[in-house]
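The structure file my_file-v4.txt is reproduced below (compact mmCIF, C-alpha atoms).
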# COMPACT_ATOMS: atom_id res chain seq x y z
CA MET H 1 -38.92 1.69 -41.79
CA ALA H 2 -37.34 3.42 -38.81
CA LEU H 3 -36.05 1.27 -35.95
CA GLU H 4 -37.88 2.20 -32.77
CA LEU H 5 -35.91 1.84 -29.53
CA ASP H 6 -37.30 1.89 -26.03
CA GLN H 7 -35.47 4.87 -24.55
CA GLU H 8 -36.25 3.64 -21.03
CA ALA H 9 -34.66 0.24 -21.60
CA SER H 10 -30.87 -0.05 -21.29
CA PRO H 11 -29.27 -2.50 -23.76
CA ARG H 12 -27.09 -5.25 -22.34
CA LEU H 13 -24.91 -7.77 -24.13
CA THR H 14 -25.48 -11.44 -23.39
CA HIS H 15 -22.79 -13.49 -21.62
CA ASP H 16 -22.12 -15.48 -24.79
CA ILE H 17 -21.51 -12.31 -26.80
CA VAL H 18 -19.15 -10.68 -24.28
CA ARG H 19 -17.18 -13.92 -23.97
CA TRP H 20 -16.89 -14.10 -27.75
CA ILE H 21 -15.76 -10.44 -27.96
CA SER H 22 -13.10 -10.87 -25.27
CA GLN H 23 -11.74 -14.04 -26.88
CA GLU H 24 -11.66 -12.44 -30.34
CA TYR H 25 -9.86 -9.42 -28.90
CA HIS H 26 -7.29 -11.61 -27.19
CA ASP H 27 -6.75 -13.74 -30.30
CA MET H 28 -6.04 -10.63 -32.37
CA ASN H 29 -3.92 -8.74 -29.83
CA GLY H 30 -2.28 -11.32 -27.59
CA SER H 31 -0.88 -10.69 -24.11
CA SER H 32 2.14 -8.55 -24.89
CA ILE H 33 2.58 -4.89 -24.01
CA GLN H 34 4.57 -2.73 -26.41
CA THR H 35 7.60 -0.83 -25.07
CA LEU H 36 8.91 2.35 -26.69
CA GLU H 37 12.53 3.25 -25.97
CA SER H 38 11.79 6.97 -26.28
CA PRO H 39 8.67 9.16 -26.13
CA PRO H 40 6.56 9.13 -29.30
CA THR H 41 5.85 12.09 -31.53
CA ALA H 42 2.35 13.56 -31.44
CA ALA H 43 1.47 11.67 -34.63
CA GLU H 44 2.79 8.40 -33.18
CA PHE H 45 0.89 8.92 -29.95
CA ALA H 46 -2.33 9.64 -31.86
CA GLN H 47 -1.89 6.20 -33.47
CA LEU H 48 -1.45 4.61 -30.02
CA VAL H 49 -4.68 6.24 -28.87
CA HIS H 50 -6.42 4.87 -31.96
CA ILE H 51 -5.20 1.34 -31.17
CA SER H 52 -6.12 1.84 -27.49
CA ARG H 53 -3.71 -0.64 -25.89
CA PRO H 54 -1.34 0.01 -22.97
CA VAL H 55 2.20 1.00 -23.91
CA VAL H 56 5.31 1.39 -21.72
CA ILE H 57 7.33 4.48 -22.65
CA LYS H 58 10.98 4.94 -21.70
CA GLY H 59 12.97 8.16 -21.61
CA PHE H 60 10.28 10.65 -20.54
CA GLN H 61 12.50 12.95 -18.49
CA ILE H 62 11.18 15.51 -16.01
CA PRO H 63 12.99 17.34 -13.17
CA ALA H 64 11.17 15.38 -10.44
CA LEU H 65 13.06 12.22 -11.42
CA LYS H 66 16.38 13.68 -10.30
CA ARG H 67 15.24 15.96 -7.49
CA TRP H 68 12.63 14.19 -5.37
CA THR H 69 14.58 12.74 -2.47
CA ASP H 70 13.02 12.72 1.00
CA ASP H 71 15.19 15.68 2.03
CA TYR H 72 14.18 17.67 -1.04
CA LEU H 73 10.46 17.06 -0.47
CA ARG H 74 10.74 18.03 3.20
CA SER H 75 12.62 21.22 2.43
CA LYS H 76 10.26 22.31 -0.36
CA LEU H 77 6.99 21.67 1.49
CA GLN H 78 8.14 22.24 5.08
CA ALA H 79 5.05 22.57 7.33
CA GLN H 80 2.52 22.78 4.46
CA PRO H 81 -0.49 20.59 5.40
CA ILE H 82 -1.18 17.96 2.76
CA SER H 83 -4.20 15.66 2.37
CA VAL H 84 -3.43 11.98 2.96
CA ALA H 85 -5.82 9.02 2.66
CA VAL H 86 -5.74 6.61 5.60
CA THR H 87 -7.26 3.11 5.72
CA PRO H 88 -7.07 0.48 8.49
CA ASN H 89 -4.65 -2.41 8.64
CA GLY H 90 -5.37 -5.70 6.93
CA ARG H 91 -4.79 -6.21 3.23
CA GLN H 92 -8.36 -5.74 1.99
CA SER H 93 -9.08 -2.66 4.09
CA ARG H 94 -5.81 -1.08 2.98
CA GLN H 95 -7.31 -0.43 -0.42
CA ALA H 96 -8.46 3.15 -0.81
CA ASP H 97 -11.86 3.56 -2.49
CA ALA H 98 -12.79 -0.10 -2.25
CA ILE H 99 -15.31 -2.63 -0.97
CA ALA H 100 -15.20 -3.50 2.73
CA ALA H 101 -17.50 -4.97 5.36
CA GLY H 102 -19.24 -2.53 7.68
CA PRO H 103 -21.98 -2.61 10.31
CA GLY H 104 -23.93 -5.86 10.32
CA SER H 105 -21.34 -7.45 8.01
CA LYS H 106 -22.91 -5.51 5.14
CA LEU H 107 -20.62 -4.63 2.24
CA PHE H 108 -19.99 -0.96 1.46
CA PHE H 109 -17.99 1.07 -1.03
CA VAL H 110 -15.71 2.83 1.45
CA GLU H 111 -13.67 5.97 0.89
CA PRO H 112 -10.60 6.57 3.06
CA PHE H 113 -10.31 8.82 6.08
CA ILE H 114 -8.51 12.04 5.09
CA GLU H 115 -6.04 13.61 7.46
CA LYS H 116 -3.85 16.67 7.07
CA VAL H 117 -0.19 16.11 7.83
CA SER H 118 3.15 17.58 6.83
CA MET H 119 5.34 15.92 4.23
CA GLU H 120 7.80 15.04 6.98
CA LYS H 121 5.04 13.26 8.91
CA LEU H 122 3.84 11.40 5.81
CA LEU H 123 7.35 10.14 5.05
CA GLU H 124 7.69 8.98 8.67
CA GLN H 125 4.38 7.09 8.43
CA LEU H 126 5.37 5.40 5.18
CA ASN H 127 8.77 4.36 6.47
CA ALA H 128 7.21 3.04 9.71
CA GLY H 129 4.66 1.04 7.71
CA THR H 130 7.41 -0.85 5.92
CA CYS H 131 9.99 -0.99 8.72
CA THR H 132 9.76 -4.79 8.82
CA GLN H 133 7.79 -7.07 6.56
CA GLN H 134 6.24 -9.04 9.42
CA ASP H 135 5.05 -5.97 11.31
CA SER H 136 3.63 -4.00 8.38
CA SER H 137 0.10 -5.39 8.84
CA ASN H 138 -0.13 -3.66 12.23
CA PHE H 139 0.05 -0.20 10.68
CA PRO H 140 -2.75 1.73 8.95
CA ALA H 141 -2.02 2.44 5.32
CA SER H 142 -1.28 6.07 4.45
CA TYR H 143 -1.50 7.00 0.79
CA LEU H 144 -1.30 10.40 -0.85
CA GLN H 145 -3.81 9.79 -3.64
CA SER H 146 -6.30 12.66 -3.69
CA GLN H 147 -6.89 12.39 -7.48
CA ASN H 148 -8.37 15.87 -7.70
CA GLY H 149 -5.70 17.56 -9.75
CA ASN H 150 -3.60 18.00 -6.62
CA ILE H 151 -0.66 19.32 -8.68
CA TYR H 152 -2.60 21.03 -11.48
CA SER H 153 -6.35 21.08 -12.09
CA ASN H 154 -8.05 22.18 -15.30
CA ARG H 155 -8.45 25.65 -13.77
CA PHE H 156 -4.72 26.18 -14.16
CA PHE H 157 -4.99 26.46 -17.95
CA GLU H 158 -7.69 29.12 -17.72
CA SER H 159 -6.39 31.13 -14.77
CA PRO H 160 -3.11 29.89 -13.22
CA ASN H 161 -3.39 32.23 -10.25
CA ASP H 162 -6.75 30.74 -9.29
CA ASP H 163 -5.50 27.13 -9.19
CA SER H 164 -4.05 26.83 -5.71
CA SER H 165 -2.38 23.58 -4.72
CA GLU H 166 -1.01 21.99 -1.55
CA PHE H 167 1.96 21.08 -3.72
CA GLY H 168 2.54 24.44 -5.38
CA ALA H 169 6.17 24.37 -4.25
CA LEU H 170 6.73 21.27 -6.41
CA ARG H 171 5.22 22.60 -9.62
CA GLU H 172 8.59 23.69 -11.00
CA ASP H 173 9.53 20.00 -11.12
CA VAL H 174 6.37 18.82 -12.94
CA PRO H 175 5.24 19.96 -16.41
CA SER H 176 1.61 21.03 -16.52
CA ASN H 177 1.10 19.08 -19.74
CA ILE H 178 2.93 16.60 -21.96
CA PRO H 179 3.54 18.23 -25.37
CA TRP H 180 3.20 15.10 -27.53
CA VAL H 181 -0.04 14.15 -25.77
CA THR H 182 -1.53 17.64 -25.75
CA GLU H 183 -0.79 18.07 -29.47
CA ALA H 184 -2.17 14.64 -30.38
CA LEU H 185 -5.40 15.05 -28.41
CA GLY H 186 -5.88 18.77 -28.99
CA ARG H 187 -6.48 19.54 -25.33
CA ASN H 188 -4.72 20.16 -22.03
CA PRO H 189 -4.96 17.69 -19.13
CA ASP H 190 -8.02 17.70 -16.94
CA ALA H 191 -5.84 16.90 -13.90
CA VAL H 192 -2.24 16.22 -12.93
CA ASN H 193 -1.94 14.11 -9.77
CA LEU H 194 0.79 13.19 -7.31
CA TRP H 195 0.82 9.75 -5.66
CA ILE H 196 3.03 8.83 -2.67
CA GLY H 197 2.72 5.51 -0.86
CA ASN H 198 4.51 2.31 0.08
CA SER H 199 3.96 -1.43 -0.29
CA ASN H 200 0.87 -1.21 1.92
CA SER H 201 -0.85 1.20 -0.50
CA ILE H 202 -3.12 -0.60 -2.94
CA THR H 203 -5.52 0.74 -5.56
CA SER H 204 -8.61 -1.43 -6.06
CA ILE H 205 -9.47 -2.50 -9.59
CA HIS H 206 -11.41 0.10 -11.57
CA SER H 207 -11.46 1.94 -14.89
CA ASP H 208 -11.30 5.67 -15.61
CA PRO H 209 -12.88 7.91 -18.27
CA TYR H 210 -9.46 9.36 -19.12
CA GLU H 211 -6.47 8.83 -21.35
CA ASN H 212 -3.88 8.29 -18.61
CA ILE H 213 -0.13 8.97 -18.71
CA TYR H 214 1.41 7.48 -15.57
CA THR H 215 5.09 8.04 -14.66
CA VAL H 216 6.94 6.43 -11.75
CA ILE H 217 9.40 8.75 -10.00
CA ARG H 218 10.63 6.42 -7.23
CA GLY H 219 10.04 2.78 -6.36
CA SER H 220 8.10 0.26 -8.44
CA LYS H 221 4.45 0.02 -9.49
CA HIS H 222 2.82 -3.28 -10.40
CA PHE H 223 -0.24 -3.11 -12.67
CA THR H 224 -2.77 -5.83 -13.40
CA LEU H 225 -4.71 -4.76 -16.50
CA LEU H 226 -7.82 -5.96 -18.29
CA PRO H 227 -9.22 -4.51 -21.53
CA PRO H 228 -12.67 -2.86 -21.59
CA CYS H 229 -14.13 -5.98 -23.24
CA GLU H 230 -13.37 -7.99 -20.09
CA GLY H 231 -15.19 -5.77 -17.63
CA TRP H 232 -17.76 -8.57 -17.31
CA CYS H 233 -15.09 -10.60 -15.50
CA LEU H 234 -15.08 -8.10 -12.62
CA GLN H 235 -18.71 -8.56 -11.56
CA GLU H 236 -19.67 -4.97 -10.89
CA ARG H 237 -22.29 -4.52 -8.18
CA MET H 238 -24.09 -1.66 -6.45
CA TYR H 239 -22.92 -0.85 -2.93
CA PRO H 240 -24.04 1.67 -0.30
CA HIS H 241 -21.51 4.44 0.29
CA ALA H 242 -19.43 4.81 3.45
CA VAL H 243 -16.24 6.41 4.72
CA TYR H 244 -13.65 5.36 7.26
CA GLY H 245 -13.89 7.43 10.41
CA HIS H 246 -13.32 7.46 14.16
CA THR H 247 -16.29 6.33 16.22
CA ASN H 248 -17.00 5.95 19.95
CA ASN H 249 -13.83 7.84 20.87
CA SER H 250 -11.78 5.06 19.34
CA ASP H 251 -8.33 5.66 17.90
CA GLY H 252 -8.98 3.04 15.22
CA LEU H 253 -10.88 3.54 11.98
CA SER H 254 -14.31 2.03 11.37
CA VAL H 255 -16.71 1.95 8.42
CA VAL H 256 -19.22 4.79 8.81
CA PRO H 257 -22.22 4.52 6.44
CA SER H 258 -23.20 7.70 4.58
CA SER H 259 -26.75 8.89 5.10
CA ASP H 260 -27.36 10.81 1.87
CA ALA H 261 -24.91 9.51 -0.73
CA PRO H 262 -26.08 7.50 -3.76
CA GLN H 263 -25.05 3.89 -4.19
CA VAL H 264 -21.77 3.25 -5.99
CA ARG H 265 -21.17 0.84 -8.87
CA TRP H 266 -17.89 -1.02 -8.24
CA SER H 267 -16.15 -4.30 -8.95
CA SER H 268 -16.82 -7.05 -6.42
CA VAL H 269 -13.39 -8.58 -7.18
CA ILE H 270 -11.13 -7.55 -4.30
CA ASN H 271 -7.84 -8.90 -5.64
CA PRO H 272 -7.77 -10.04 -9.29
CA ASP H 273 -4.35 -11.63 -8.76
CA LEU H 274 -5.70 -14.29 -6.39
CA PRO H 275 -6.38 -17.68 -8.01
CA GLY H 276 -10.05 -18.06 -8.81
CA SER H 277 -10.84 -14.34 -8.58
CA LEU H 278 -11.35 -14.11 -12.33
CA PRO H 279 -13.08 -16.54 -14.69
CA PRO H 280 -10.82 -18.76 -16.78
CA GLU H 281 -11.75 -16.77 -19.92
CA ALA H 282 -10.09 -13.60 -18.53
CA HIS H 283 -6.77 -12.47 -20.01
CA PRO H 284 -5.13 -10.13 -17.47
CA LEU H 285 -1.92 -8.36 -18.45
CA HIS H 286 0.82 -7.69 -15.91
CA VAL H 287 3.39 -4.92 -16.13
CA THR H 288 5.87 -3.44 -13.64
CA LEU H 289 7.07 0.13 -13.93
CA GLU H 290 10.38 1.20 -12.43
CA ALA H 291 11.54 4.76 -11.75
CA GLY H 292 11.63 6.63 -15.05
CA ASP H 293 9.08 4.37 -16.77
CA THR H 294 5.81 5.75 -18.12
CA LEU H 295 2.63 3.82 -18.87
CA TYR H 296 0.06 4.96 -21.40
CA LEU H 297 -3.20 3.53 -20.04
CA PRO H 298 -6.06 4.02 -22.49
CA VAL H 299 -9.53 5.09 -21.48
CA GLY H 300 -11.70 2.28 -20.15
CA TRP H 301 -8.90 -0.16 -19.28
CA TRP H 302 -9.34 -1.80 -15.88
CA HIS H 303 -6.37 -1.60 -13.54
CA TYR H 304 -5.35 -2.90 -10.12
CA VAL H 305 -2.18 -1.28 -8.76
CA GLN H 306 0.29 -2.40 -6.11
CA GLN H 307 3.69 -0.97 -5.32
CA SER H 308 6.99 -1.95 -3.74
CA GLY H 309 9.78 -0.04 -2.11
CA PRO H 310 9.83 1.84 1.20
CA ILE H 311 8.42 4.90 -0.58
CA THR H 312 6.92 4.94 -4.06
CA ILE H 313 6.18 8.19 -5.89
CA ALA H 314 4.35 8.63 -9.16
CA LEU H 315 2.70 11.31 -11.26
CA ASN H 316 -0.11 11.01 -13.73
CA TRP H 317 -1.69 13.24 -16.34
CA TRP H 318 -5.41 12.66 -16.99
CA TYR H 319 -6.66 13.80 -20.39
CA ASP H 320 -10.40 13.78 -21.09
CA ALA H 321 -11.40 11.00 -23.46
CA GLU H 322 -12.90 11.78 -26.86
CA VAL H 323 -16.65 11.17 -26.63
CA ARG H 324 -17.43 11.90 -30.27
CA GLY H 325 -17.57 9.02 -32.70
CA MET H 326 -18.24 5.40 -31.72
CA ASN H 327 -15.54 4.62 -29.14
CA TRP H 328 -17.40 5.98 -26.11
CA ILE H 329 -20.59 4.20 -27.16
CA TRP H 330 -18.73 0.90 -27.43
CA LEU H 331 -17.10 1.42 -24.02
CA SER H 332 -20.49 2.05 -22.45
CA LEU H 333 -22.02 -0.99 -24.14
CA LEU H 334 -19.14 -3.27 -23.12
CA ARG H 335 -19.39 -2.16 -19.51
CA GLY H 336 -23.13 -2.80 -19.57
CA SER H 337 -25.73 -0.18 -18.82
CA GLY H 338 -28.56 -2.43 -17.68
CA SER H 339 -29.64 -3.20 -14.14
CA VAL H 340 -26.65 -3.88 -11.86
CA PRO H 341 -27.23 -6.35 -8.96
CA SER H 342 -26.72 -5.38 -5.35
CA GLY H 343 -23.41 -6.43 -3.83
CA ASN H 344 -25.30 -7.49 -0.71
CA ASP H 345 -27.73 -9.78 -2.51
CA GLU H 346 -25.42 -12.02 -4.49
CA THR H 347 -27.42 -14.48 -6.52
CA ASP H 348 -25.46 -14.90 -9.75
CA THR H 349 -21.94 -15.70 -10.88
CA TRP H 350 -19.98 -15.58 -14.16
Take the structure in the file and write it out as structure tokens.
Amino acid sequence: MALELDQEASPRLTHDIVRWISQEYHDMNGSSIQTLESPPTAAEFAQLVHISRPVVIKGFQIPALKRWTDDYLRSKLQAQPISVAVTPNGRQSRQADAIAAGPGSKLFFVEPFIEKVSMEKLLEQLNAGTCTQQDSSNFPASYLQSQNGNIYSNRFFESPNDDSSEFGALREDVPSNIPWVTEALGRNPDAVNLWIGNSNSITSIHSDPYENIYTVIRGSKHFTLLPPCEGWCLQERMYPHAVYGHTNNSDGLSVVPSSDAPQVRWSSVINPDLPGSLPPEAHPLHVTLEAGDTLYLPVGWWHYVQQSGPITIALNWWYDAEVRGMNWIWLSLLRGSGSVPSGNDETDTW
């Protein structure tokens, strides 16, 4: 007898089941993160993808590691306008692509204001924002984090001449793909991104549909990680969309609601490192990357990212995840595809 499923109904795991899954996963895998002293072969990396746990990789050498001083970046890019995300001061509102209060104290998913500046201007802003620890909260947070394949997009592999980039002058320092990843996955990256920020630049907790190779060039990056089976700890909600913008001839940035954008599903946890932000059953992992370190971050892993140092620079290679087989189905089920509550009508907890 065939099993008949209601195609209109979205399955959702019960709280007891997701708690059991996350505890079983933790019991079998622990809280450690493997470190490799040199990059893996393609066969070794394929095994890491199969296991699907974060791994720190040492010894991945690219020209940017030795070349990218402030003077070098200024000289290579000169007056080239580059897109920089700007958010207001205050720790919560410094997070790009995050939840913030807007008109009427309503919560919104807010994207940053984008301004075009030169590399010299960006470096000045970042240095000013960390000039003294006590004054840093008075400065807006500037973060180069466009995430759109700002070094290389997938068009580059089909027609290199048609893939223009604000950072074309830096391409000679950045490989378009990572051989041991490309061979293992059988595909080129979907995007290669450049990130430049300082200690005021924070990435809100989220997960991505990519196999992610993340390399720190300068400074330090601090990751808080949760496996896909603990997405329930992050209390995703639906939020109206907004952007930061200038209103009423003000120099400051305000939340400007979007009129025609769909609602956004996002974690309601602003800072998972704060005591009480996560339920006691959560098992966050913490890892710091220094210059020259690379993190393999598997598809579906939740991550919250902070950084330290006057200027922190990183690169990442996003490879499309494999959607054949069962893995993608499990990721979707663990995240939950049923009705998601509104972030402005909070009625339930863990």
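Our summary of the geometry notes that CA of Gln263 (chain H) is positioned 26.9 Å from CA of Glu322 (chain H).
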For Trp68 (chain H), work out the shell of residues within 10 Å, counting all atoms listed in the file and skipping chain neighbours fewer than 3 positions away, then give it as a PDB file with C-alpha atoms, in the frame of the given file.
ATOM      1  CA  PRO H  63      12.990  17.340 -13.170  1.00  0.00           C
ATOM      2  CA  ALA H  64      11.170  15.380 -10.440  1.00  0.00           C
ATOM      3  CA  LEU H  65      13.060  12.220 -11.420  1.00  0.00           C
ATOM      4  CA  ASP H  71      15.190  15.680   2.030  1.00  0.00           C
ATOM      5  CA  TYR H  72      14.180  17.670  -1.040  1.00  0.00           C
ATOM      6  CA  LEU H  73      10.460  17.060  -0.470  1.00  0.00           C
ATOM      7  CA  ARG H  74      10.740  18.030   3.200  1.00  0.00           C
ATOM      8  CA  LYS H  76      10.260  22.310  -0.360  1.00  0.00           C
ATOM      9  CA  LEU H 170       6.730  21.270  -6.410  1.00  0.00           C
ATOM     10  CA  ASP H 173       9.530  20.000 -11.120  1.00  0.00           C
ATOM     11  CA  ILE H 217       9.400   8.750 -10.000  1.00  0.00           C
ATOM     12  CA  ARG H 218      10.630   6.420  -7.230  1.00  0.00           C
ATOM     13  CA  ILE H 313       6.180   8.190  -5.890  1.00  0.00           C
TER      14      ILE H 313
END
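Candidate residues H:Leu234, H:Val49, H:Met28, H:Ala141 were compared for distance to Arg335 (chain H), and the nearest is H:Leu234, using only C-alpha atoms.
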- Task: Could you please determine the separation between CA of Leu278 (chain H) and CA of Asp27 (chain H) in Å, to one decimal place?
- Result: 18.6 Å
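Considering all atoms listed in the file, the residue among H:Ala85, H:Ile57, H:Leu297, H:Ile17 positioned nearest to Thr203 (chain H) is H:Ala85.
Of note, CA of Trp195 (chain H) and CA of Leu144 (chain H) are spaced 5.3 Å apart.
Using all atoms listed in the file, the residues found no farther than 12 Å from Asn327 (chain H), other than those of its own chain fewer than 3 positions away, are H:Val49, H:His50, H:Ile51, H:Ser52, H:Pro209, H:Pro228, H:Pro298, H:Val299, H:Gly300, H:Ala321, H:Glu322, H:Val323, H:Arg324, H:Trp330, H:Leu331, H:Ser332, H:Leu333, H:Leu334.
Taking all atoms listed in the file into account, Trp232 (chain H) lies nearest to H:Gly336 out of the set H:Gly104, H:Gly219, H:Gly30, H:Gly336.
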- Message: Quick one: residues within 9 Å of Gly149 (chain H), all atoms listed in the file, excluding same-chain residues fewer than 4 positions away - as a VMD selection string?
- Response: chain H and resid 153 to 154 165 190 to 194 317 to 318
Same residues, C-alpha atoms, saved as a JSON list (two decimals), in the frame of the given file:
[["chain", "number", "residue", "atom", "x", "y", "z"],
["H", 153, "SER", "CA", -6.35, 21.08, -12.09],
["H", 154, "ASN", "CA", -8.05, 22.18, -15.30],
["H", 165, "SER", "CA", -2.38, 23.58, -4.72],
["H", 190, "ASP", "CA", -8.02, 17.70, -16.94],
["H", 191, "ALA", "CA", -5.84, 16.90, -13.90],
["H", 192, "VAL", "CA", -2.24, 16.22, -12.93],
["H", 193, "ASN", "CA", -1.94, 14.11, -9.77],
["H", 194, "LEU", "CA", 0.79, 13.19, -7.31],
["H", 317, "TRP", "CA", -1.69, 13.24, -16.34],
["H", 318, "TRP", "CA", -5.41, 12.66, -16.99]]
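Distances to Asp208 (chain H) were evaluated for H:Gln47, H:Val287, H:Ile196, H:Gln147 using all atoms listed in the file, and the minimum falls at H:Gln147.
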- Find the residues around Met238 (chain H) up to 6 Å (only C-alpha atoms counted), leave out those fewer than 2 positions away in its own chain, and share them as a ChimeraX atom specification. /H:264-265,342-343
- Measuring atom to atom with only C-alpha atoms, identify which of H:Ile311, H:Val256, H:Cys233, H:Leu185 is nearest to Pro279 (chain H). H:Cys233
- Select, from H:Ser267, H:Thr14, H:Ser339, H:Asn212, the residue with the minimum atom-to-atom distance to Val55 (chain H), counting all atoms listed in the file. H:Asn212
Could you give me the axis-aligned bounding box of region 26-44 of chain H, with 8 Å of padding per side, as centre plus edge lengths in Å to one decimal, as lines of an AutoDock Vina configuration file?
center_x = 2.6
center_y = -0.1
center_z = -29.3
size_x = 35.8
size_y = 43.3
size_z = 26.6
- Task: List the neighbours of Thr215 (chain H) out to 10 Å using only C-alpha atoms; skip same-chain residues closer than 4 positions along the sequence, and give me the result as a ChimeraX atom specification.
- Result: /H:56-58,60-62,65,194,221,289-296,313-317
